[in-house]
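Below: target27.txt (compact mmCIF, C-alpha atoms)
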# COMPACT_ATOMS: atom_id res chain seq x y z
CA MET A 29 165.00 -186.98 197.59
CA ARG A 30 162.63 -187.30 194.62
CA ALA A 31 162.58 -183.52 194.34
CA MET A 32 166.38 -183.52 194.31
CA VAL A 33 166.46 -186.09 191.50
CA PHE A 34 163.87 -184.09 189.57
CA ALA A 35 165.88 -180.89 190.02
CA ALA A 36 169.06 -182.68 188.90
CA ALA A 37 167.26 -183.96 185.79
CA LEU A 38 165.94 -180.47 184.98
CA CYS A 39 169.41 -179.00 185.42
CA GLY A 40 170.82 -181.79 183.26
CA LEU A 41 168.44 -180.80 180.48
CA TRP A 42 169.34 -177.18 180.95
CA LEU A 43 173.11 -177.74 180.99
CA ALA A 44 173.41 -180.47 178.37
CA PRO A 45 174.68 -179.51 174.92
CA VAL A 46 172.58 -180.66 172.00
CA PRO A 47 174.20 -183.41 169.92
CA ARG A 48 174.58 -182.76 166.20
CA ALA A 49 175.21 -185.47 163.61
CA MET A 50 174.28 -188.98 164.70
CA ALA A 51 175.25 -191.46 162.01
CA HIS A 52 177.22 -191.99 158.86
CA HIS A 53 174.08 -191.71 156.76
CA SER A 54 170.76 -189.93 156.86
CA ALA A 55 168.44 -191.80 159.24
CA ALA A 56 165.49 -190.05 157.59
CA ALA A 57 166.47 -191.64 154.26
CA GLU A 58 166.31 -195.13 155.77
CA PHE A 59 163.60 -195.17 158.44
CA ASP A 60 159.98 -194.02 158.46
CA SER A 61 159.32 -192.29 161.78
CA SER A 62 155.57 -192.85 161.32
CA LYS A 63 156.06 -196.65 161.25
CA LYS A 64 156.47 -197.33 164.96
CA ILE A 65 157.47 -200.79 166.12
CA ASP A 66 156.75 -202.39 169.48
CA LEU A 67 158.05 -205.95 169.65
CA THR A 68 158.68 -208.62 172.26
CA GLY A 69 160.82 -211.64 171.55
CA VAL A 70 164.04 -213.55 172.12
CA VAL A 71 167.44 -212.29 170.97
CA THR A 72 168.98 -214.75 168.49
CA LYS A 73 172.19 -212.92 167.55
CA VAL A 74 174.18 -209.76 168.35
CA GLU A 75 176.57 -208.19 165.83
CA TRP A 76 178.96 -205.88 167.70
CA THR A 77 180.19 -204.29 164.48
CA ASN A 78 180.61 -200.93 162.75
CA PRO A 79 179.16 -198.78 161.36
CA HIS A 80 176.22 -199.99 163.46
CA ALA A 81 175.67 -202.71 166.01
CA HIS A 82 172.73 -204.97 165.15
CA PHE A 83 170.73 -207.48 167.15
CA TYR A 84 168.22 -209.99 165.87
CA VAL A 85 165.01 -210.94 167.66
CA ASP A 86 162.56 -213.80 167.01
CA VAL A 87 159.08 -212.32 167.23
CA LYS A 88 155.70 -214.01 166.64
CA ASP A 89 153.67 -212.04 164.12
CA SER A 90 149.88 -211.62 164.21
CA THR A 91 149.35 -214.94 162.41
CA GLY A 92 151.55 -216.86 164.83
CA ASN A 93 154.52 -217.17 162.46
CA MET A 94 157.99 -216.59 163.87
CA VAL A 95 159.74 -213.67 162.20
CA ASN A 96 163.39 -212.74 162.76
CA TRP A 97 163.74 -208.95 163.10
CA ASN A 98 167.01 -207.14 162.42
CA LEU A 99 167.35 -204.13 164.73
CA GLU A 100 169.95 -201.42 164.41
CA LEU A 101 171.79 -199.50 167.14
CA ALA A 102 174.41 -196.75 167.08
CA SER A 103 178.00 -197.80 166.46
CA PRO A 104 179.73 -199.83 169.19
CA ASN A 105 182.10 -196.84 169.62
CA VAL A 106 179.19 -194.62 170.70
CA LEU A 107 177.57 -197.38 172.76
CA ILE A 108 180.77 -198.29 174.65
CA ARG A 109 181.38 -194.67 175.64
CA ASN A 110 177.76 -194.43 176.77
CA GLY A 111 177.77 -197.38 179.13
CA TRP A 112 176.85 -200.33 176.88
CA LYS A 113 178.99 -203.46 176.95
CA ARG A 114 179.19 -206.02 174.17
CA THR A 115 177.49 -208.39 176.65
CA SER A 116 174.69 -205.96 177.62
CA LEU A 117 172.42 -207.90 175.24
CA LYS A 118 172.94 -211.63 174.73
CA PRO A 119 171.36 -214.37 172.62
CA GLY A 120 168.58 -215.91 174.68
CA ASP A 121 167.58 -212.64 176.38
CA THR A 122 163.88 -211.82 176.19
CA VAL A 123 163.48 -208.19 175.20
CA SER A 124 160.81 -205.63 174.50
CA VAL A 125 161.84 -203.20 171.79
CA THR A 126 160.32 -199.94 170.60
CA GLY A 127 161.61 -198.05 167.60
CA ILE A 128 160.88 -197.22 163.99
CA ARG A 129 160.77 -199.37 160.88
CA SER A 130 162.79 -199.30 157.70
CA LYS A 131 160.99 -197.71 154.76
CA ASP A 132 161.12 -200.85 152.65
CA ASN A 133 162.28 -203.82 154.71
CA PRO A 134 159.34 -204.96 156.86
CA ASN A 135 161.57 -206.72 159.43
CA PHE A 136 164.35 -204.16 159.76
CA GLY A 137 164.19 -201.37 162.32
CA SER A 138 166.05 -198.82 164.36
CA ALA A 139 165.74 -199.63 168.07
CA SER A 140 164.92 -196.66 170.31
CA MET A 141 164.44 -198.46 173.64
CA ILE A 142 165.14 -202.02 174.73
CA THR A 143 163.73 -203.28 178.03
CA LEU A 144 164.99 -206.48 179.66
CA PRO A 145 162.96 -208.59 182.11
CA ASP A 146 165.02 -207.34 185.07
CA GLY A 147 164.01 -203.77 184.19
CA ARG A 148 167.33 -202.74 182.65
CA LYS A 149 166.84 -200.30 179.79
CA LEU A 150 169.15 -199.78 176.84
CA THR A 151 168.67 -197.20 174.11
CA PHE A 152 169.95 -196.66 170.56
CA LEU A 153 172.74 -194.55 172.07
CA ALA A 154 173.22 -195.43 175.71
CA ALA A 155 172.69 -197.73 178.68
CA GLU A 156 169.99 -195.86 180.55
CA ASP A 157 171.82 -195.65 183.88
CA GLN A 158 174.61 -193.84 182.00
CA ALA A 159 172.21 -191.54 180.19
CA LYS A 160 171.14 -189.39 183.15
CA MET B 23 157.85 -167.30 192.33
CA ARG B 24 161.01 -165.23 192.37
CA TYR B 25 162.15 -167.19 195.44
CA LEU B 26 161.58 -170.49 193.55
CA ALA B 27 163.59 -169.25 190.56
CA VAL B 28 166.48 -168.25 192.82
CA VAL B 29 166.39 -171.66 194.53
CA PHE B 30 166.30 -173.39 191.11
CA LEU B 31 169.28 -171.45 189.77
CA ALA B 32 171.25 -171.89 193.00
CA THR B 33 170.53 -175.63 192.93
CA CYS B 34 171.59 -175.82 189.28
CA ALA B 35 174.77 -173.93 190.08
CA ALA B 36 175.46 -176.45 192.87
CA PHE B 37 174.84 -179.38 190.50
CA GLY B 38 176.93 -177.60 187.88
CA GLN B 39 179.82 -177.37 190.36
CA GLN B 40 179.41 -181.03 191.31
CA ALA B 41 179.11 -182.07 187.68
CA GLN B 42 182.09 -180.03 186.56
CA LYS B 43 184.25 -183.13 186.27
CA THR B 44 181.86 -185.12 184.06
CA GLY B 45 179.24 -184.20 181.48
CA ASN B 46 178.12 -184.63 177.91
CA ILE B 47 180.51 -184.08 175.01
CA GLY B 48 178.61 -184.40 171.74
CA LEU B 49 176.76 -187.74 171.79
CA TYR B 50 178.84 -189.00 174.67
CA ARG B 51 177.39 -189.03 178.19
CA ASN B 52 179.15 -188.81 181.55
CA GLN B 53 182.48 -188.00 179.96
CA LYS B 54 185.44 -186.66 181.87
CA LEU B 55 185.40 -182.95 181.03
CA PRO B 56 188.60 -181.03 180.35
CA ALA B 57 189.98 -179.12 183.33
CA GLU B 58 190.01 -175.34 183.17
CA GLY B 59 193.29 -173.72 182.28
CA PRO B 60 195.30 -172.03 179.59
CA ALA B 61 196.25 -173.67 176.31
CA PRO B 62 199.46 -175.64 176.88
CA ILE B 63 202.75 -174.78 175.17
CA LEU B 64 205.61 -177.17 174.36
CA ALA B 65 209.12 -176.63 175.76
CA ASP B 66 210.24 -174.99 172.50
CA GLY B 67 207.38 -172.48 172.64
CA THR B 68 205.15 -174.18 170.05
CA PRO B 69 201.46 -174.36 171.00
CA ASP B 70 200.51 -177.92 171.95
CA LEU B 71 197.39 -179.14 170.11
CA SER B 72 197.91 -182.79 170.94
CA GLY B 73 195.06 -184.79 172.43
CA VAL B 74 191.75 -186.42 171.57
CA TRP B 75 189.20 -183.93 170.25
CA LEU B 76 185.56 -183.96 169.20
CA GLY B 77 184.17 -181.42 166.75
CA SER B 78 184.65 -180.10 163.25
CA GLY B 79 185.18 -177.00 161.20
CA ALA B 80 181.71 -176.81 159.66
CA ASN B 81 178.12 -178.00 160.01
CA ALA B 82 178.29 -181.58 158.67
CA ALA B 83 174.62 -181.55 157.63
CA ASP B 84 174.82 -178.38 155.52
CA ILE B 85 177.98 -176.39 154.98
CA ALA B 86 175.86 -173.42 153.82
CA ALA B 87 173.76 -173.28 157.01
CA PRO B 88 174.02 -169.95 158.85
CA ASN B 89 175.70 -171.61 161.89
CA SER B 90 178.37 -173.03 159.58
CA LEU B 91 179.62 -169.82 158.01
CA LYS B 92 181.86 -167.04 159.25
CA PRO B 93 179.84 -163.79 159.31
CA GLY B 94 180.05 -162.22 155.87
CA SER B 95 180.72 -165.53 154.10
CA GLN B 96 178.31 -166.88 151.51
CA VAL B 97 178.18 -170.18 149.61
CA LEU B 98 177.54 -169.17 146.01
CA MET B 99 177.60 -172.18 143.70
CA LEU B 100 178.21 -172.16 139.96
CA PRO B 101 175.06 -173.35 138.13
CA TRP B 102 176.38 -176.90 137.52
CA ALA B 103 177.18 -177.30 141.22
CA ALA B 104 173.69 -176.13 142.24
CA GLU B 105 172.24 -178.69 139.83
CA VAL B 106 174.39 -181.44 141.37
CA VAL B 107 173.15 -180.62 144.89
CA LYS B 108 169.57 -180.76 143.63
CA ASN B 109 170.01 -184.24 142.19
CA ARG B 110 172.26 -186.07 144.63
CA GLN B 111 170.81 -189.06 146.46
CA SER B 112 171.52 -190.15 150.06
CA LYS B 113 172.81 -193.54 148.99
CA GLU B 114 175.49 -191.90 146.79
CA ASP B 115 177.05 -190.09 149.76
CA PRO B 116 180.68 -191.27 150.07
CA GLU B 117 180.28 -191.20 153.84
CA ALA B 118 177.34 -193.64 153.68
CA ASN B 119 179.59 -195.78 151.46
CA CYS B 120 182.32 -195.85 154.14
CA LEU B 121 184.57 -193.55 152.12
CA PRO B 122 186.45 -190.53 153.57
CA ALA B 123 184.56 -187.42 154.65
CA GLY B 124 187.29 -185.09 153.37
CA ILE B 125 187.69 -181.53 154.66
CA PRO B 126 186.00 -179.94 156.62
CA ARG B 127 183.17 -182.45 157.13
CA GLY B 128 183.04 -183.82 160.66
CA SER B 129 181.61 -186.95 162.22
CA PRO B 130 180.30 -187.98 165.64
CA TYR B 131 183.65 -189.64 166.34
CA PRO B 132 186.72 -188.17 168.03
CA TRP B 133 190.11 -187.60 166.43
CA ARG B 134 193.61 -187.15 167.75
CA ILE B 135 196.30 -184.65 166.81
CA VAL B 136 199.88 -185.91 167.09
CA GLN B 137 202.70 -183.37 166.75
CA THR B 138 206.27 -184.26 165.80
CA PRO B 139 208.89 -181.70 164.71
CA THR B 140 208.40 -182.40 161.00
CA HIS B 141 204.94 -183.99 160.66
CA TYR B 142 201.61 -183.42 162.36
CA PHE B 143 199.08 -186.23 162.10
CA ILE B 144 195.32 -186.21 162.49
CA LEU B 145 194.09 -189.69 163.37
CA TYR B 146 190.38 -190.11 162.72
CA GLU B 147 188.40 -192.75 164.59
CA GLY B 148 185.63 -192.46 162.02
CA ASN B 149 184.00 -191.96 159.64
CA ILE B 150 186.21 -193.43 158.19
CA HIS B 151 189.03 -194.85 160.28
CA SER B 152 191.82 -192.93 158.54
CA TYR B 153 194.54 -190.32 159.01
CA ARG B 154 195.92 -187.12 157.54
CA GLN B 155 199.54 -186.03 157.49
CA ILE B 156 200.54 -182.38 157.57
CA PHE B 157 204.09 -181.61 156.43
CA MET B 158 205.37 -178.74 158.58
CA ASN B 159 207.17 -175.84 156.90
CA ALA B 160 207.24 -177.74 153.62
CA LYS B 161 206.14 -177.00 150.05
CA HIS B 162 203.43 -178.55 147.91
CA PRO B 163 204.69 -180.71 145.03
CA GLU B 164 204.26 -179.07 141.62
CA ASP B 165 201.63 -181.46 140.32
CA PRO B 166 200.26 -183.60 143.16
CA ASP B 167 198.19 -186.65 142.25
CA PRO B 168 194.58 -185.97 143.30
CA THR B 169 193.70 -187.73 146.57
CA TRP B 170 190.86 -187.74 149.12
CA TYR B 171 192.74 -185.67 151.72
CA GLY B 172 195.06 -183.84 149.32
CA HIS B 173 198.57 -182.64 150.16
CA SER B 174 198.75 -180.61 153.39
CA ILE B 175 201.48 -178.29 154.58
CA GLY B 176 201.43 -176.46 157.91
CA HIS B 177 202.95 -173.47 159.65
CA TRP B 178 202.26 -171.43 162.77
CA GLU B 179 200.88 -167.90 162.74
CA GLY B 180 201.15 -166.94 166.42
CA LYS B 181 198.92 -169.36 168.34
CA THR B 182 197.17 -170.60 165.19
CA LEU B 183 198.18 -173.66 163.19
CA VAL B 184 197.52 -172.91 159.52
CA VAL B 185 197.13 -175.93 157.24
CA ASP B 186 197.15 -175.34 153.50
CA THR B 187 195.88 -178.21 151.34
CA VAL B 188 195.75 -178.74 147.56
CA GLY B 189 195.73 -181.85 145.36
CA PHE B 190 192.25 -183.05 146.22
CA ASN B 191 190.23 -185.46 144.12
CA ASP B 192 186.64 -184.38 143.46
CA LYS B 193 184.97 -187.33 145.19
CA PHE B 194 184.03 -186.37 148.74
CA TRP B 195 181.03 -184.26 149.65
CA PHE B 196 181.33 -181.23 151.93
CA ASP B 197 178.17 -182.27 153.80
CA TYR B 198 175.14 -184.59 153.88
CA LYS B 199 173.38 -182.26 151.42
CA GLY B 200 176.04 -183.04 148.83
CA HIS B 201 177.80 -179.73 148.21
CA PRO B 202 180.41 -180.69 145.59
CA HIS B 203 183.90 -179.52 144.69
CA THR B 204 186.44 -179.98 141.92
CA GLU B 205 190.14 -180.84 141.78
CA LYS B 206 190.78 -177.06 141.88
CA LEU B 207 189.83 -177.09 145.57
CA HIS B 208 192.25 -175.33 147.91
CA THR B 209 191.55 -175.27 151.65
CA ILE B 210 193.14 -173.24 154.43
CA GLU B 211 192.38 -174.55 157.91
CA ARG B 212 193.08 -172.55 161.06
CA TYR B 213 193.32 -174.40 164.38
CA THR B 214 193.52 -172.23 167.51
CA ARG B 215 193.53 -173.80 170.98
CA THR B 216 191.72 -171.12 172.92
CA ASP B 217 192.19 -172.78 176.33
CA LEU B 218 193.11 -176.20 177.71
CA GLY B 219 189.89 -177.87 176.62
CA HIS B 220 188.72 -175.97 173.53
CA MET B 221 189.81 -175.27 170.00
CA SER B 222 188.31 -172.93 167.43
CA LEU B 223 188.38 -174.04 163.79
CA GLU B 224 188.07 -172.01 160.62
CA VAL B 225 188.25 -173.38 157.10
CA THR B 226 188.50 -171.23 153.98
CA ILE B 227 187.28 -173.07 150.92
CA ASP B 228 188.44 -171.80 147.57
CA ASP B 229 187.25 -173.76 144.54
CA PRO B 230 186.77 -171.63 141.42
CA GLY B 231 185.62 -174.80 139.64
CA ALA B 232 182.42 -175.00 141.70
CA TYR B 233 181.92 -171.72 143.64
CA VAL B 234 181.67 -168.09 142.61
CA LYS B 235 184.00 -166.95 145.40
CA PRO B 236 185.83 -168.40 148.42
CA PHE B 237 183.94 -168.81 151.68
CA THR B 238 184.95 -169.58 155.25
CA THR B 239 183.29 -172.03 157.62
CA ILE B 240 183.58 -171.99 161.39
CA GLY B 241 183.44 -174.68 164.02
CA SER B 242 184.91 -175.81 167.29
CA ALA B 243 186.30 -178.85 169.06
CA THR B 244 186.30 -179.99 172.68
CA LEU B 245 189.05 -182.02 174.30
CA MET B 246 187.96 -185.50 175.45
CA PRO B 247 190.52 -186.23 178.20
CA GLY B 248 188.77 -189.42 179.34
CA THR B 249 188.79 -191.41 176.13
CA GLU B 250 191.13 -193.06 173.65
CA LEU B 251 190.39 -193.64 169.98
CA LEU B 252 188.64 -196.92 169.25
CA GLU B 253 188.69 -199.03 166.11
CA TYR B 254 185.96 -198.22 163.57
CA ILE B 255 185.93 -200.34 160.44
CA CYS B 256 182.90 -198.99 158.59
CA GLN B 257 183.13 -201.51 155.77
CA GLU B 258 182.59 -204.46 158.08
CA ASN B 259 178.81 -204.47 158.36
CA ASN B 260 177.36 -201.58 156.35
CA GLN B 261 173.82 -202.92 155.93
CA ASP B 262 172.18 -199.55 155.45
CA LEU B 263 173.18 -198.65 151.94
CA PRO B 264 170.50 -200.60 150.02
CA LEU B 265 167.86 -199.22 152.41
CA LEU B 266 168.64 -195.52 151.84
CA HIS B 267 166.14 -193.61 149.73
CA GLY B 268 165.58 -190.11 148.54
CA PRO B 269 167.54 -186.94 148.05
CA ALA B 270 170.76 -186.24 149.92
CA ARG B 271 169.96 -184.65 153.29
CA GLY B 272 171.12 -184.37 156.88
CA PRO B 273 170.92 -187.12 159.52
CA GLY B 274 167.56 -185.84 160.80
CA GLY B 275 166.15 -185.18 157.34
CA GLN B 276 166.99 -181.47 157.23
This structure in structure tokens:
Amino acid sequence: MRAMVFAAALCGLWLAPVPRAMAHHSAAAEFDSSKKIDLTGVVTKVEWTNPHAHFYVDVKDSTGNMVNWNLELASPNVLIRNGWKRTSLKPGDTVSVTGIRSKDNPNFGSASMITLPDGRKLTFLAAEDQAK
Amino acid sequence: MRYLAVVFLATCAAFGQQAQKTGNIGLYRNQKLPAEGPAPILADGTPDLSGVWLGSGANAADIAAPNSLKPGSQVLMLPWAAEVVKNRQSKEDPEANCLPAGIPRGSPYPWRIVQTPTHYFILYEGNIHSYRQIFMNAKHPEDPDPTWYGHSIGHWEGKTLVVDTVGFNDKFWFDYKGHPHTEKLHTIERYTRTDLGHMSLEVTIDDPGAYVKPFTTIGSATLMPGTELLEYICQENNQDLPLLHGPARGPGGQ
């Protein structure tokens, strides 16, 4: 069965077209791909808005101070078609987030992968179970 | 090894058959794929382009990229235009400012063609949430006021819808790189539905105010039979603008 899943994944890679443009602005002009973020905290707010959805997470920094991070996702239009719901992430959820940081706002980032305590994974573009 | 390769390809073919009904279209995963079949025709014999489509008539990152141009076409800018491209900044891009993308710049969002006997409409989900109207078998006004989408008239040449547009303002950019144009811009778009699920697009760009000679871009669109247009109000929460830095460039930095 595992071999079948692996073969399906390989074929998926082989058959899938490569997406082109991703956003309404240059991501490279806004985010520094060398500034990786890896945060764990509690979601305080979700903005299900265009041109990008945002969620905010309270995270303790290295000195123990609570910092509210603003994390960007694709537009709700992309997320909805890729399996997200507006309730996929809710205030009060504890999340682990990886991504990259804004060039000049130290608490603003682009979220690549969000992991919830029950193991659900959400990405910048898709709910993971829809992404296969 | 050869046996393994045969098994792999046969397995992929089997998955391909199974997956024929759903697959990726652009950024969108697990989408209902268009069925196979010929391009539909309306009762009066007119080709039917109606439906929700994803795609565009040029490379949105760089209109001058080799994969954006019809073989033999070249983007040759007048010196002032080349200077503009050199100096434009990402944060000045109308698209980043939630302003229209113009023609032929595409977006990751689908659009719908609606055909009526006298008017064809292109409804854009994004970016931005807007529309174009194409007046069929009509004439351009003598001195149209310059606008973002200009004044468009359409006619059929066989299976190809030809849309002729003048009366543009000079505000939108052809691509993320910032290729400019002037109010002298004249575009001729050619939409050909090649089968049920696919359309080929060609756009001739003639702007003697900014380019040495006309050039033609190429692109394509895929039908998205499983989706409807959604609302996309870019102005609502555009937090990115103050955080954009550096020269105008494509989404991935190219």
Proximal residues of chain A relative to chain B (all atoms listed in the file; 6 Å) as a ChimeraX atom specification: /A:39,47,52-58,78-79,110
Spatial neighbours of segment 124-138 of chain A, 8 Å, only C-alpha atoms, chain gap at least 5 places, as an MDAnalysis selection string: (chainID A and resid 58:69 95:101 143:144 152) or (chainID B and resid 265)
Atomic separation - atom CA of Tyr233 of chain B relative to atom CA of Phe196 of chain B, Å: 12.6 Å
Contacts of Trp102 of chain B at 10 Å (only C-alpha atoms; same-chain gap of 3+ positions) as a ChimeraX atom specification: /B:99,105-108,202,231-233
Selection export as a CSV table (one decimal), in the frame of the given file, atoms kept: C-alpha atoms:
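After the write, part-v8.csv holds the following:
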chain,number,residue,atom,x,y,z
B,99,MET,CA,177.6,-172.2,143.7
B,105,GLU,CA,172.2,-178.7,139.8
B,106,VAL,CA,174.4,-181.4,141.4
B,107,VAL,CA,173.2,-180.6,144.9
B,108,LYS,CA,169.6,-180.8,143.6
B,202,PRO,CA,180.4,-180.7,145.6
B,231,GLY,CA,185.6,-174.8,139.6
B,232,ALA,CA,182.4,-175.0,141.7
B,233,TYR,CA,181.9,-171.7,143.6
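Take atom CA of Leu145 of chain B and atom CA of Pro163 of chain B: the distance between them is 23.0 Å.
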With 6 Å as the threshold, what does the neighbourhood of (189.2, -176.4, 142.1) contain in terms of residues, counting all atoms listed in the file? Coordinates are those of the file; answer as an mmCIF file with C-alpha atoms, in the frame of the given file.
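The result, stored in part-v3.cif:
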data_model
loop_
_atom_site.group_PDB
_atom_site.id
_atom_site.type_symbol
_atom_site.label_atom_id
_atom_site.label_comp_id
_atom_site.auth_asym_id
_atom_site.auth_seq_id
_atom_site.Cartn_x
_atom_site.Cartn_y
_atom_site.Cartn_z
ATOM 1 C CA THR B 204 186.440 -179.980 141.920
ATOM 2 C CA GLU B 205 190.140 -180.840 141.780
ATOM 3 C CA LYS B 206 190.780 -177.060 141.880
ATOM 4 C CA LEU B 207 189.830 -177.090 145.570
ATOM 5 C CA ASP B 229 187.250 -173.760 144.540
ATOM 6 C CA PRO B 230 186.770 -171.630 141.420
ATOM 7 C CA GLY B 231 185.620 -174.800 139.640
#
Between atom CA of Pro247 of chain B and atom CA of Asp217 of chain B, distance in Å (one decimal):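 Going from atom CA of Pro247 of chain B over to atom CA of Asp217 of chain B, I get 13.7 Å.
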Within 6 Å of segment 84-94 of chain A, counting all atoms listed in the file, which residues qualify if same-chain residues fewer than 5 places away don't, as an mmCIF file with C-alpha atoms, in the coordinates of the input?
data_model
loop_
_atom_site.group_PDB
_atom_site.id
_atom_site.type_symbol
_atom_site.label_atom_id
_atom_site.label_comp_id
_atom_site.auth_asym_id
_atom_site.auth_seq_id
_atom_site.Cartn_x
_atom_site.Cartn_y
_atom_site.Cartn_z
ATOM 1 C CA GLY A 69 160.820 -211.640 171.550
ATOM 2 C CA VAL A 70 164.040 -213.550 172.120
ATOM 3 C CA VAL A 71 167.440 -212.290 170.970
ATOM 4 C CA THR A 72 168.980 -214.750 168.490
ATOM 5 C CA LYS A 73 172.190 -212.920 167.550
#
Selection: 12 Å around Leu245 of chain B, only C-alpha atoms, excl. self and same-chain fewer than 2 positions, as a PyMOL selection string: chain B and resi 46-48+53-58+61+71-77+132-135+215-222+242-243+247-250
